[in-house]
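Trainee: Below you'll find the structure I mean.
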Amino acid sequence: MSAPERQIQLDVRELPTHWYNIIPDLPEPLPPPRDPEEGPSRVEQLPNLLIHECLGQEMSTERWIEIPGELRELYLQAGRPRPLFRALGLEQALGTPAQLYYKSEFYSPTGSHKVNTALAQAYYARREGYKRLTTETGAGQWGTALAYAASLVGLACTVYWVRAVYNWKPQRLGFMKMLGADVHASPSPRTESGRKLYDRDPNHPGSLGIAISEGLEDARSDPGAVYCLGSVLNHVLMHQTIIGLETQKQFEKIGVYPDLVISCLGGGSNFGGFALPFLGDVFTKGRKTRFIAAQSQSAPNLQGEYRYDFADHAEITPLLKMYTLGHRAEMAPIKGDGLRYHGCSPILSLLRHLGFIDTVAYPADERHVFEHALTFLRTEGFLPAPESAYSVCCAMDEALECKRTGEPKVIAFNISGHGFMDIEGYREVLGFDRETASEKEWHAVLGF
Ligand SMILES: *Cc1c(COP(=O)(O)O)cnc(C)c1O
């Protein structure tokens, strides 16, 4: 018998040529965006808000949508296809009969999977004649990804960054500026909605909702600018299916199929990108795969209500049918800030509603999650982003469950980004004065 494959690569010629659009394969029609009872129509505003091509994709019922050749070149430039790893070191440390495989979105040039949609949106925006992209960012990964994509295709980029985070991530700010982006702490004095708050308090901590309003207002007041979104919407999840499509080809190469598919979920873009091609197999090929979305108790949106709600605090967007905690919900701060969003993407919400997606929410102090990420780092050698640590933790918990039951399940999990710029967050939760743990000590740390 040959040794198990440690790394499964794809040739550059095997980069997927199409994204997968799950909409025609959904077991029930997806509830469309809707207007609130009162106020101006948000739905009619969508064509003025989104990139034309992206709006078309948002509503498309075609199963496969071609990735333009020039964009495939950009994906290659960003290092795709990315390897799938077998976590042999981790399996050994856990003593599990399960087989663990992880997808390496941490190889992204800016640190997260968000480049997959940032490149697509920047490419289409330039094709449609725009000169500048505007957006908001919370944790900073999306702002960096869009700054990167804009620079590669030759567009300007303006980022409104929630001030509370802006102030404590000087390295990520520096990175965005090196990429040529114009970055403003939000609320800023540059927009009407920002100015109102800024004039009252120049140190206002801001919020994602306020930053979205600023990005939208900025783009609306400049015909050469367009606003971009990094998660939640159908077309964003579709761009991200490049992750799961590559992973499927990689599993095919070794003749393995996962029993369990896991990732972290904030708005749903990396979970959707990884899981939707496998969910498609459930609907079209009768596969019996189980799916788990890992969340924080600070923002367990999949345990909220399934109803129509706004995607933003300022109520500028249409209502979306989704699992939501309420668009004005207060959520305790966590280091995995990218998971702190009140709603889950409509596609994944529908699938959760129909019972195809399970969820787990970890304590908001993040100790349990980061302890597991540390074990992953020390056995596999990669430092996950704080958000991705939730995916790692969930996969490890499931592998330990397999140890109890003796089941040799195949577990696939996505690592949506690296944590090189979040070491301070890890330090605050864990401290750094830990000696390398022996196998016995891991058992003590992890409680098994
Ligand atoms: C933004 C982000 C997330 C959460 O967003 P999703 O849209 O749910 O994927 C997770 N991981 C990383 C690294 C991120 O940057």
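Please note that chains go A, B, ... in the order of the structure tokens, that every chain numbers its residues from 1, and that ligands are numbered from 1 in the order shown.
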Mind listing the residues within 7 Å of ligand 1, only C-alpha atoms and all ligand atoms counted, as a list in words?

Mentor: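 Taking only C-alpha atoms and all ligand atoms into account, the residues around ligand 1 at most 7 Å away are Gly111, Ser112, His113, Lys114, Gln141, Trp142, Gly230, Ser231, Val232, Cys264, Leu265, Gly266, Gly267, Gly268, Ser269, Asn270, Phe271, Gly338, Leu339, Ala385, Glu387, Ser388, Ser416, Gly417 and His418 of chain A.
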
Trainee: Among stretch 175-215 of chain A, which ones does DSSP assign to strand (DSSP E) (computed from the backbone)? Answer as a ChimeraX atom specification.

Mentor: /A:182-186

Trainee: For all heavy atoms, I'd like the residues from the last selection saved as a PDB file, in the first residue's frame.

Mentor:
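Generated file (result-v2.pdb):
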```pdb
ATOM      1  N   ASP A 182      -7.094  54.266  -0.970  1.00  0.00           N
ATOM      2  CA  ASP A 182      -7.367  55.456  -0.194  1.00  0.00           C
ATOM      3  C   ASP A 182      -8.232  54.961   0.981  1.00  0.00           C
ATOM      4  O   ASP A 182      -9.351  54.513   0.765  1.00  0.00           O
ATOM      5  CB  ASP A 182      -8.158  56.376  -1.137  1.00  0.00           C
ATOM      6  CG  ASP A 182      -8.355  57.746  -0.584  1.00  0.00           C
ATOM      7  OD1 ASP A 182      -7.587  58.156   0.290  1.00  0.00           O
ATOM      8  OD2 ASP A 182      -9.300  58.414  -1.063  1.00  0.00           O
ATOM      9  N   VAL A 183      -7.697  55.001   2.190  1.00  0.00           N
ATOM     10  CA  VAL A 183      -8.389  54.368   3.321  1.00  0.00           C
ATOM     11  C   VAL A 183      -8.800  55.420   4.348  1.00  0.00           C
ATOM     12  O   VAL A 183      -7.988  56.271   4.718  1.00  0.00           O
ATOM     13  CB  VAL A 183      -7.490  53.319   4.026  1.00  0.00           C
ATOM     14  CG1 VAL A 183      -8.295  52.495   5.029  1.00  0.00           C
ATOM     15  CG2 VAL A 183      -6.820  52.412   3.006  1.00  0.00           C
ATOM     16  N   HIS A 184     -10.059  55.369   4.771  1.00  0.00           N
ATOM     17  CA  HIS A 184     -10.566  56.346   5.729  1.00  0.00           C
ATOM     18  C   HIS A 184     -11.204  55.651   6.912  1.00  0.00           C
ATOM     19  O   HIS A 184     -11.998  54.723   6.731  1.00  0.00           O
ATOM     20  CB  HIS A 184     -11.608  57.244   5.063  1.00  0.00           C
ATOM     21  CG  HIS A 184     -11.064  57.925   3.856  1.00  0.00           C
ATOM     22  ND1 HIS A 184     -10.330  59.085   3.933  1.00  0.00           N
ATOM     23  CD2 HIS A 184     -11.095  57.586   2.545  1.00  0.00           C
ATOM     24  CE1 HIS A 184      -9.942  59.426   2.723  1.00  0.00           C
ATOM     25  NE2 HIS A 184     -10.389  58.539   1.854  1.00  0.00           N
ATOM     26  N   ALA A 185     -10.854  56.135   8.111  1.00  0.00           N
ATOM     27  CA  ALA A 185     -11.544  55.644   9.296  1.00  0.00           C
ATOM     28  C   ALA A 185     -12.987  56.133   9.210  1.00  0.00           C
ATOM     29  O   ALA A 185     -13.246  57.275   8.828  1.00  0.00           O
ATOM     30  CB  ALA A 185     -10.877  56.172  10.561  1.00  0.00           C
ATOM     31  N   SER A 186     -13.924  55.236   9.525  1.00  0.00           N
ATOM     32  CA  SER A 186     -15.346  55.573   9.409  1.00  0.00           C
ATOM     33  C   SER A 186     -15.999  55.550  10.790  1.00  0.00           C
ATOM     34  O   SER A 186     -15.734  54.632  11.570  1.00  0.00           O
ATOM     35  CB  SER A 186     -16.010  54.549   8.488  1.00  0.00           C
ATOM     36  OG  SER A 186     -17.415  54.631   8.599  1.00  0.00           O
TER      37      SER A 186
END
```

Trainee: Among the residues of stretch 86-263 of chain A, find those DSSP assigns to helix (DSSP H, G or I) from the backbone and print them as a PyMOL selection string.

Mentor: chain A and resi 88-94+105-107+115-127+141-153+163-166+170-178+192-200+208-220+234-254

Trainee: For the contact check between stretch 241-270 of chain A and stretch 20-42 of chain A, emit one row per residue of stretch 241-270 of chain A within 12 Å, containing the shortest atom pair and the distance in Å rounded to one decimal, counting only C-alpha atoms, chain then rising number order, as CSV.

Mentor:
```
residue,atom,partner,partner_atom,distance
A:Thr241,CA,A:Tyr20,CA,6.1
A:Ile242,CA,A:Tyr20,CA,7.9
A:Ile243,CA,A:Tyr20,CA,10.5
A:Gly244,CA,A:Tyr20,CA,9.3
A:Leu245,CA,A:Tyr20,CA,7.9
A:Glu246,CA,A:Tyr20,CA,11.3
```

Trainee: Keeping N, CA and C atoms, export the residues of the selection given above as a JSON list (two decimals), in the first residue's frame.

Mentor:
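Wrote it out as out07.json, contents follow:
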```json
[["chain", "number", "residue", "atom", "x", "y", "z"],
["A", 241, "THR", "N", -17.21, 29.67, -5.44],
["A", 241, "THR", "CA", -17.29, 28.22, -5.68],
["A", 241, "THR", "C", -16.02, 27.68, -6.33],
["A", 242, "ILE", "N", -15.16, 28.57, -6.81],
["A", 242, "ILE", "CA", -13.85, 28.12, -7.32],
["A", 242, "ILE", "C", -13.14, 27.27, -6.25],
["A", 243, "ILE", "N", -13.37, 27.60, -4.97],
["A", 243, "ILE", "CA", -12.72, 26.85, -3.87],
["A", 243, "ILE", "C", -13.22, 25.40, -3.85],
["A", 244, "GLY", "N", -14.55, 25.24, -3.82],
["A", 244, "GLY", "CA", -15.13, 23.90, -3.71],
["A", 244, "GLY", "C", -14.95, 23.09, -4.99],
["A", 245, "LEU", "N", -14.98, 23.77, -6.14],
["A", 245, "LEU", "CA", -14.81, 23.05, -7.41],
["A", 245, "LEU", "C", -13.40, 22.47, -7.53],
["A", 246, "GLU", "N", -12.41, 23.27, -7.12],
["A", 246, "GLU", "CA", -11.04, 22.74, -7.10],
["A", 246, "GLU", "C", -10.96, 21.56, -6.14]]
```

Trainee: Quick one: everything within 12 Å of stretch 212-216 of chain A, counting only C-alpha atoms, minus sequence neighbours fewer than 3 positions away in the same chain. Send it as a PDB file with N, CA, C and O atoms, in the first residue's frame.

Mentor:
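Below you can see part.pdb, which holds the result:
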```pdb
ATOM      1  N   GLN A  45     -33.449  50.343  -6.978  1.00  0.00           N
ATOM      2  CA  GLN A  45     -32.141  51.006  -6.896  1.00  0.00           C
ATOM      3  C   GLN A  45     -30.976  50.064  -7.216  1.00  0.00           C
ATOM      4  O   GLN A  45     -29.860  50.524  -7.489  1.00  0.00           O
ATOM      5  N   LEU A  46     -31.234  48.742  -7.192  1.00  0.00           N
ATOM      6  CA  LEU A  46     -30.122  47.786  -7.341  1.00  0.00           C
ATOM      7  C   LEU A  46     -29.260  48.005  -8.592  1.00  0.00           C
ATOM      8  O   LEU A  46     -28.039  47.957  -8.498  1.00  0.00           O
ATOM      9  N   ASN A  48     -28.469  50.691  -9.963  1.00  0.00           N
ATOM     10  CA  ASN A  48     -27.586  51.839  -9.759  1.00  0.00           C
ATOM     11  C   ASN A  48     -26.528  51.557  -8.702  1.00  0.00           C
ATOM     12  O   ASN A  48     -25.641  52.364  -8.466  1.00  0.00           O
ATOM     13  N   LEU A  49     -26.707  50.424  -8.041  1.00  0.00           N
ATOM     14  CA  LEU A  49     -25.871  50.113  -6.886  1.00  0.00           C
ATOM     15  C   LEU A  49     -24.779  49.109  -7.205  1.00  0.00           C
ATOM     16  O   LEU A  49     -23.661  49.219  -6.720  1.00  0.00           O
ATOM     17  N   LEU A  50     -25.128  48.114  -8.021  1.00  0.00           N
ATOM     18  CA  LEU A  50     -24.202  46.999  -8.254  1.00  0.00           C
ATOM     19  C   LEU A  50     -23.616  47.047  -9.660  1.00  0.00           C
ATOM     20  O   LEU A  50     -24.184  47.650 -10.572  1.00  0.00           O
ATOM     21  N   ARG A 132     -13.137  53.676 -10.374  1.00  0.00           N
ATOM     22  CA  ARG A 132     -12.847  53.591  -8.942  1.00  0.00           C
ATOM     23  C   ARG A 132     -13.850  52.666  -8.259  1.00  0.00           C
ATOM     24  O   ARG A 132     -15.034  52.648  -8.609  1.00  0.00           O
ATOM     25  N   LEU A 133     -13.364  51.916  -7.274  1.00  0.00           N
ATOM     26  CA  LEU A 133     -14.213  51.042  -6.460  1.00  0.00           C
ATOM     27  C   LEU A 133     -14.314  51.639  -5.055  1.00  0.00           C
ATOM     28  O   LEU A 133     -13.338  52.175  -4.541  1.00  0.00           O
ATOM     29  N   THR A 134     -15.503  51.523  -4.461  1.00  0.00           N
ATOM     30  CA  THR A 134     -15.627  51.929  -3.054  1.00  0.00           C
ATOM     31  C   THR A 134     -16.156  50.741  -2.267  1.00  0.00           C
ATOM     32  O   THR A 134     -16.878  49.887  -2.798  1.00  0.00           O
ATOM     33  N   THR A 135     -15.778  50.680  -1.003  1.00  0.00           N
ATOM     34  CA  THR A 135     -16.323  49.633  -0.147  1.00  0.00           C
ATOM     35  C   THR A 135     -16.140  49.977   1.327  1.00  0.00           C
ATOM     36  O   THR A 135     -15.520  50.990   1.656  1.00  0.00           O
ATOM     37  N   GLU A 136     -16.714  49.099   2.162  1.00  0.00           N
ATOM     38  CA  GLU A 136     -16.500  49.195   3.607  1.00  0.00           C
ATOM     39  C   GLU A 136     -15.673  47.995   4.014  1.00  0.00           C
ATOM     40  O   GLU A 136     -15.591  47.004   3.294  1.00  0.00           O
ATOM     41  N   THR A 137     -15.055  48.063   5.171  1.00  0.00           N
ATOM     42  CA  THR A 137     -14.436  46.848   5.699  1.00  0.00           C
ATOM     43  C   THR A 137     -14.520  46.857   7.214  1.00  0.00           C
ATOM     44  O   THR A 137     -14.534  47.931   7.831  1.00  0.00           O
ATOM     45  N   GLY A 138     -14.624  45.656   7.803  1.00  0.00           N
ATOM     46  CA  GLY A 138     -14.711  45.527   9.259  1.00  0.00           C
ATOM     47  C   GLY A 138     -13.378  45.021   9.789  1.00  0.00           C
ATOM     48  O   GLY A 138     -12.530  45.784  10.237  1.00  0.00           O
ATOM     49  N   GLY A 143     -11.329  44.772   2.684  1.00  0.00           N
ATOM     50  CA  GLY A 143     -10.728  46.010   2.171  1.00  0.00           C
ATOM     51  C   GLY A 143      -9.382  45.734   1.509  1.00  0.00           C
ATOM     52  O   GLY A 143      -9.081  46.260   0.436  1.00  0.00           O
ATOM     53  N   CYS A 157      -9.218  52.715  -5.542  1.00  0.00           N
ATOM     54  CA  CYS A 157     -10.039  52.021  -4.544  1.00  0.00           C
ATOM     55  C   CYS A 157     -10.129  52.866  -3.274  1.00  0.00           C
ATOM     56  O   CYS A 157      -9.105  53.326  -2.769  1.00  0.00           O
ATOM     57  N   THR A 158     -11.349  53.077  -2.812  1.00  0.00           N
ATOM     58  CA  THR A 158     -11.566  53.827  -1.569  1.00  0.00           C
ATOM     59  C   THR A 158     -12.218  52.903  -0.545  1.00  0.00           C
ATOM     60  O   THR A 158     -13.246  52.295  -0.838  1.00  0.00           O
ATOM     61  N   VAL A 159     -11.613  52.835   0.632  1.00  0.00           N
ATOM     62  CA  VAL A 159     -12.101  51.916   1.672  1.00  0.00           C
ATOM     63  C   VAL A 159     -12.520  52.711   2.904  1.00  0.00           C
ATOM     64  O   VAL A 159     -11.746  53.537   3.399  1.00  0.00           O
ATOM     65  N   TYR A 160     -13.751  52.469   3.383  1.00  0.00           N
ATOM     66  CA  TYR A 160     -14.214  53.041   4.650  1.00  0.00           C
ATOM     67  C   TYR A 160     -14.107  51.952   5.700  1.00  0.00           C
ATOM     68  O   TYR A 160     -14.762  50.916   5.604  1.00  0.00           O
ATOM     69  N   TRP A 161     -13.249  52.202   6.656  1.00  0.00           N
ATOM     70  CA  TRP A 161     -12.906  51.148   7.608  1.00  0.00           C
ATOM     71  C   TRP A 161     -13.385  51.541   9.000  1.00  0.00           C
ATOM     72  O   TRP A 161     -12.986  52.581   9.537  1.00  0.00           O
ATOM     73  N   VAL A 162     -14.212  50.698   9.572  1.00  0.00           N
ATOM     74  CA  VAL A 162     -14.747  50.882  10.933  1.00  0.00           C
ATOM     75  C   VAL A 162     -13.620  51.366  11.865  1.00  0.00           C
ATOM     76  O   VAL A 162     -12.611  50.672  12.029  1.00  0.00           O
ATOM     77  N   ASP A 182      -7.094  54.266  -0.970  1.00  0.00           N
ATOM     78  CA  ASP A 182      -7.367  55.456  -0.194  1.00  0.00           C
ATOM     79  C   ASP A 182      -8.232  54.961   0.981  1.00  0.00           C
ATOM     80  O   ASP A 182      -9.351  54.513   0.765  1.00  0.00           O
ATOM     81  N   VAL A 183      -7.697  55.001   2.190  1.00  0.00           N
ATOM     82  CA  VAL A 183      -8.389  54.368   3.321  1.00  0.00           C
ATOM     83  C   VAL A 183      -8.800  55.420   4.348  1.00  0.00           C
ATOM     84  O   VAL A 183      -7.988  56.271   4.718  1.00  0.00           O
ATOM     85  N   HIS A 184     -10.059  55.369   4.771  1.00  0.00           N
ATOM     86  CA  HIS A 184     -10.566  56.346   5.729  1.00  0.00           C
ATOM     87  C   HIS A 184     -11.204  55.651   6.912  1.00  0.00           C
ATOM     88  O   HIS A 184     -11.998  54.723   6.731  1.00  0.00           O
ATOM     89  N   ALA A 185     -10.854  56.135   8.111  1.00  0.00           N
ATOM     90  CA  ALA A 185     -11.544  55.644   9.296  1.00  0.00           C
ATOM     91  C   ALA A 185     -12.987  56.133   9.210  1.00  0.00           C
ATOM     92  O   ALA A 185     -13.246  57.275   8.828  1.00  0.00           O
ATOM     93  N   SER A 186     -13.924  55.236   9.525  1.00  0.00           N
ATOM     94  CA  SER A 186     -15.346  55.573   9.409  1.00  0.00           C
ATOM     95  C   SER A 186     -15.999  55.550  10.790  1.00  0.00           C
ATOM     96  O   SER A 186     -15.734  54.632  11.570  1.00  0.00           O
ATOM     97  N   PRO A 187     -16.865  56.519  11.137  1.00  0.00           N
ATOM     98  CA  PRO A 187     -17.364  57.603  10.285  1.00  0.00           C
ATOM     99  C   PRO A 187     -16.290  58.660   9.966  1.00  0.00           C
ATOM    100  O   PRO A 187     -15.500  59.007  10.833  1.00  0.00           O
ATOM    101  N   SER A 188     -16.320  59.120   8.704  1.00  0.00           N
ATOM    102  CA  SER A 188     -15.350  60.095   8.219  1.00  0.00           C
ATOM    103  C   SER A 188     -16.061  61.407   7.913  1.00  0.00           C
ATOM    104  O   SER A 188     -17.287  61.430   7.793  1.00  0.00           O
ATOM    105  N   PRO A 189     -15.311  62.498   7.774  1.00  0.00           N
ATOM    106  CA  PRO A 189     -15.934  63.758   7.380  1.00  0.00           C
ATOM    107  C   PRO A 189     -16.179  63.868   5.874  1.00  0.00           C
ATOM    108  O   PRO A 189     -16.599  64.913   5.401  1.00  0.00           O
ATOM    109  N   ARG A 190     -15.961  62.774   5.099  1.00  0.00           N
ATOM    110  CA  ARG A 190     -16.006  62.860   3.639  1.00  0.00           C
ATOM    111  C   ARG A 190     -17.405  62.662   3.044  1.00  0.00           C
ATOM    112  O   ARG A 190     -17.606  62.914   1.869  1.00  0.00           O
ATOM    113  N   THR A 191     -18.312  62.100   3.825  1.00  0.00           N
ATOM    114  CA  THR A 191     -19.662  61.851   3.323  1.00  0.00           C
ATOM    115  C   THR A 191     -20.663  62.496   4.281  1.00  0.00           C
ATOM    116  O   THR A 191     -20.335  62.746   5.445  1.00  0.00           O
ATOM    117  N   GLU A 192     -21.875  62.702   3.747  1.00  0.00           N
ATOM    118  CA  GLU A 192     -22.889  63.338   4.586  1.00  0.00           C
ATOM    119  C   GLU A 192     -23.226  62.460   5.793  1.00  0.00           C
ATOM    120  O   GLU A 192     -23.269  62.935   6.936  1.00  0.00           O
ATOM    121  N   SER A 193     -23.437  61.156   5.514  1.00  0.00           N
ATOM    122  CA  SER A 193     -23.816  60.264   6.623  1.00  0.00           C
ATOM    123  C   SER A 193     -22.688  60.141   7.641  1.00  0.00           C
ATOM    124  O   SER A 193     -22.949  60.043   8.846  1.00  0.00           O
ATOM    125  N   GLY A 194     -21.449  60.166   7.189  1.00  0.00           N
ATOM    126  CA  GLY A 194     -20.320  60.084   8.114  1.00  0.00           C
ATOM    127  C   GLY A 194     -20.131  61.377   8.892  1.00  0.00           C
ATOM    128  O   GLY A 194     -19.889  61.352  10.099  1.00  0.00           O
ATOM    129  N   ARG A 195     -20.256  62.494   8.155  1.00  0.00           N
ATOM    130  CA  ARG A 195     -19.992  63.816   8.751  1.00  0.00           C
ATOM    131  C   ARG A 195     -20.885  64.075   9.963  1.00  0.00           C
ATOM    132  O   ARG A 195     -20.425  64.600  10.979  1.00  0.00           O
ATOM    133  N   LYS A 196     -22.157  63.710   9.839  1.00  0.00           N
ATOM    134  CA  LYS A 196     -23.107  63.920  10.939  1.00  0.00           C
ATOM    135  C   LYS A 196     -22.571  63.344  12.243  1.00  0.00           C
ATOM    136  O   LYS A 196     -22.690  63.952  13.302  1.00  0.00           O
ATOM    137  N   LEU A 197     -22.011  62.131  12.144  1.00  0.00           N
ATOM    138  CA  LEU A 197     -21.509  61.455  13.344  1.00  0.00           C
ATOM    139  C   LEU A 197     -20.114  61.954  13.711  1.00  0.00           C
ATOM    140  O   LEU A 197     -19.798  62.145  14.880  1.00  0.00           O
ATOM    141  N   TYR A 198     -19.311  62.202  12.698  1.00  0.00           N
ATOM    142  CA  TYR A 198     -17.931  62.637  12.914  1.00  0.00           C
ATOM    143  C   TYR A 198     -17.878  64.005  13.606  1.00  0.00           C
ATOM    144  O   TYR A 198     -17.079  64.215  14.520  1.00  0.00           O
ATOM    145  N   GLY A 206     -17.573  53.859  15.132  1.00  0.00           N
ATOM    146  CA  GLY A 206     -18.108  53.390  13.857  1.00  0.00           C
ATOM    147  C   GLY A 206     -18.721  52.016  13.943  1.00  0.00           C
ATOM    148  O   GLY A 206     -18.723  51.378  14.991  1.00  0.00           O
ATOM    149  N   SER A 207     -19.284  51.566  12.814  1.00  0.00           N
ATOM    150  CA  SER A 207     -19.848  50.219  12.703  1.00  0.00           C
ATOM    151  C   SER A 207     -19.865  49.867  11.224  1.00  0.00           C
ATOM    152  O   SER A 207     -19.714  50.734  10.362  1.00  0.00           O
ATOM    153  N   LEU A 208     -20.072  48.565  10.956  1.00  0.00           N
ATOM    154  CA  LEU A 208     -20.129  48.114   9.563  1.00  0.00           C
ATOM    155  C   LEU A 208     -21.258  48.835   8.826  1.00  0.00           C
ATOM    156  O   LEU A 208     -21.109  49.253   7.679  1.00  0.00           O
ATOM    157  N   GLY A 209     -22.402  49.012   9.516  1.00  0.00           N
ATOM    158  CA  GLY A 209     -23.553  49.674   8.894  1.00  0.00           C
ATOM    159  C   GLY A 209     -23.232  51.105   8.458  1.00  0.00           C
ATOM    160  O   GLY A 209     -23.603  51.521   7.353  1.00  0.00           O
ATOM    161  N   ALA A 219     -19.931  56.261  -3.751  1.00  0.00           N
ATOM    162  CA  ALA A 219     -20.075  55.752  -5.124  1.00  0.00           C
ATOM    163  C   ALA A 219     -21.223  56.441  -5.858  1.00  0.00           C
ATOM    164  O   ALA A 219     -21.129  56.742  -7.046  1.00  0.00           O
ATOM    165  N   ARG A 220     -22.300  56.709  -5.143  1.00  0.00           N
ATOM    166  CA  ARG A 220     -23.467  57.349  -5.763  1.00  0.00           C
ATOM    167  C   ARG A 220     -23.156  58.753  -6.258  1.00  0.00           C
ATOM    168  O   ARG A 220     -23.728  59.216  -7.227  1.00  0.00           O
ATOM    169  N   SER A 221     -22.247  59.450  -5.560  1.00  0.00           N
ATOM    170  CA  SER A 221     -21.973  60.839  -5.911  1.00  0.00           C
ATOM    171  C   SER A 221     -20.887  60.958  -6.985  1.00  0.00           C
ATOM    172  O   SER A 221     -20.504  62.055  -7.363  1.00  0.00           O
ATOM    173  N   ASP A 222     -20.389  59.823  -7.504  1.00  0.00           N
ATOM    174  CA  ASP A 222     -19.349  59.848  -8.543  1.00  0.00           C
ATOM    175  C   ASP A 222     -19.706  58.830  -9.616  1.00  0.00           C
ATOM    176  O   ASP A 222     -19.650  57.625  -9.378  1.00  0.00           O
ATOM    177  N   ALA A 225     -17.535  55.790 -10.174  1.00  0.00           N
ATOM    178  CA  ALA A 225     -17.258  54.860  -9.067  1.00  0.00           C
ATOM    179  C   ALA A 225     -18.398  53.866  -8.889  1.00  0.00           C
ATOM    180  O   ALA A 225     -19.551  54.169  -9.185  1.00  0.00           O
ATOM    181  N   VAL A 226     -18.072  52.670  -8.408  1.00  0.00           N
ATOM    182  CA  VAL A 226     -19.100  51.671  -8.106  1.00  0.00           C
ATOM    183  C   VAL A 226     -18.756  50.985  -6.785  1.00  0.00           C
ATOM    184  O   VAL A 226     -17.581  50.830  -6.445  1.00  0.00           O
ATOM    185  N   TYR A 227     -19.823  50.618  -6.072  1.00  0.00           N
ATOM    186  CA  TYR A 227     -19.694  50.008  -4.747  1.00  0.00           C
ATOM    187  C   TYR A 227     -19.589  48.491  -4.872  1.00  0.00           C
ATOM    188  O   TYR A 227     -20.278  47.884  -5.688  1.00  0.00           O
ATOM    189  N   CYS A 228     -18.746  47.864  -4.066  1.00  0.00           N
ATOM    190  CA  CYS A 228     -18.557  46.408  -4.110  1.00  0.00           C
ATOM    191  C   CYS A 228     -18.831  45.774  -2.743  1.00  0.00           C
ATOM    192  O   CYS A 228     -18.477  46.343  -1.718  1.00  0.00           O
ATOM    193  N   LEU A 229     -19.427  44.577  -2.772  1.00  0.00           N
ATOM    194  CA  LEU A 229     -19.747  43.835  -1.540  1.00  0.00           C
ATOM    195  C   LEU A 229     -18.939  42.535  -1.475  1.00  0.00           C
ATOM    196  O   LEU A 229     -18.786  41.865  -2.495  1.00  0.00           O
ATOM    197  N   GLY A 230     -18.497  42.178  -0.283  1.00  0.00           N
ATOM    198  CA  GLY A 230     -17.589  41.036  -0.156  1.00  0.00           C
ATOM    199  C   GLY A 230     -18.182  39.733   0.330  1.00  0.00           C
ATOM    200  O   GLY A 230     -17.463  38.737   0.450  1.00  0.00           O
ATOM    201  N   ALA A 311     -29.866  44.037   4.976  1.00  0.00           N
ATOM    202  CA  ALA A 311     -28.485  43.550   5.045  1.00  0.00           C
ATOM    203  C   ALA A 311     -27.582  44.546   5.761  1.00  0.00           C
ATOM    204  O   ALA A 311     -26.461  44.218   6.119  1.00  0.00           O
ATOM    205  N   ASP A 312     -28.056  45.774   5.938  1.00  0.00           N
ATOM    206  CA  ASP A 312     -27.216  46.802   6.562  1.00  0.00           C
ATOM    207  C   ASP A 312     -27.965  47.548   7.659  1.00  0.00           C
ATOM    208  O   ASP A 312     -29.194  47.581   7.697  1.00  0.00           O
ATOM    209  N   HIS A 313     -27.201  48.159   8.502  1.00  0.00           N
ATOM    210  CA  HIS A 313     -27.708  48.916   9.649  1.00  0.00           C
ATOM    211  C   HIS A 313     -28.556  50.102   9.191  1.00  0.00           C
ATOM    212  O   HIS A 313     -29.603  50.410   9.763  1.00  0.00           O
ATOM    213  N   ALA A 314     -28.116  50.774   8.110  1.00  0.00           N
ATOM    214  CA  ALA A 314     -28.751  52.018   7.661  1.00  0.00           C
ATOM    215  C   ALA A 314     -29.996  51.785   6.791  1.00  0.00           C
ATOM    216  O   ALA A 314     -30.614  52.753   6.340  1.00  0.00           O
ATOM    217  N   GLU A 315     -30.354  50.527   6.522  1.00  0.00           N
ATOM    218  CA  GLU A 315     -31.551  50.177   5.737  1.00  0.00           C
ATOM    219  C   GLU A 315     -31.519  50.717   4.312  1.00  0.00           C
ATOM    220  O   GLU A 315     -32.534  51.128   3.759  1.00  0.00           O
ATOM    221  N   ILE A 316     -30.336  50.694   3.704  1.00  0.00           N
ATOM    222  CA  ILE A 316     -30.194  51.135   2.312  1.00  0.00           C
ATOM    223  C   ILE A 316     -30.463  49.970   1.364  1.00  0.00           C
ATOM    224  O   ILE A 316     -30.969  50.143   0.264  1.00  0.00           O
ATOM    225  N   THR A 317     -30.159  48.745   1.792  1.00  0.00           N
ATOM    226  CA  THR A 317     -30.324  47.573   0.920  1.00  0.00           C
ATOM    227  C   THR A 317     -31.781  47.110   0.916  1.00  0.00           C
ATOM    228  O   THR A 317     -32.551  47.470   1.807  1.00  0.00           O
TER     229      THR A 317
END
```
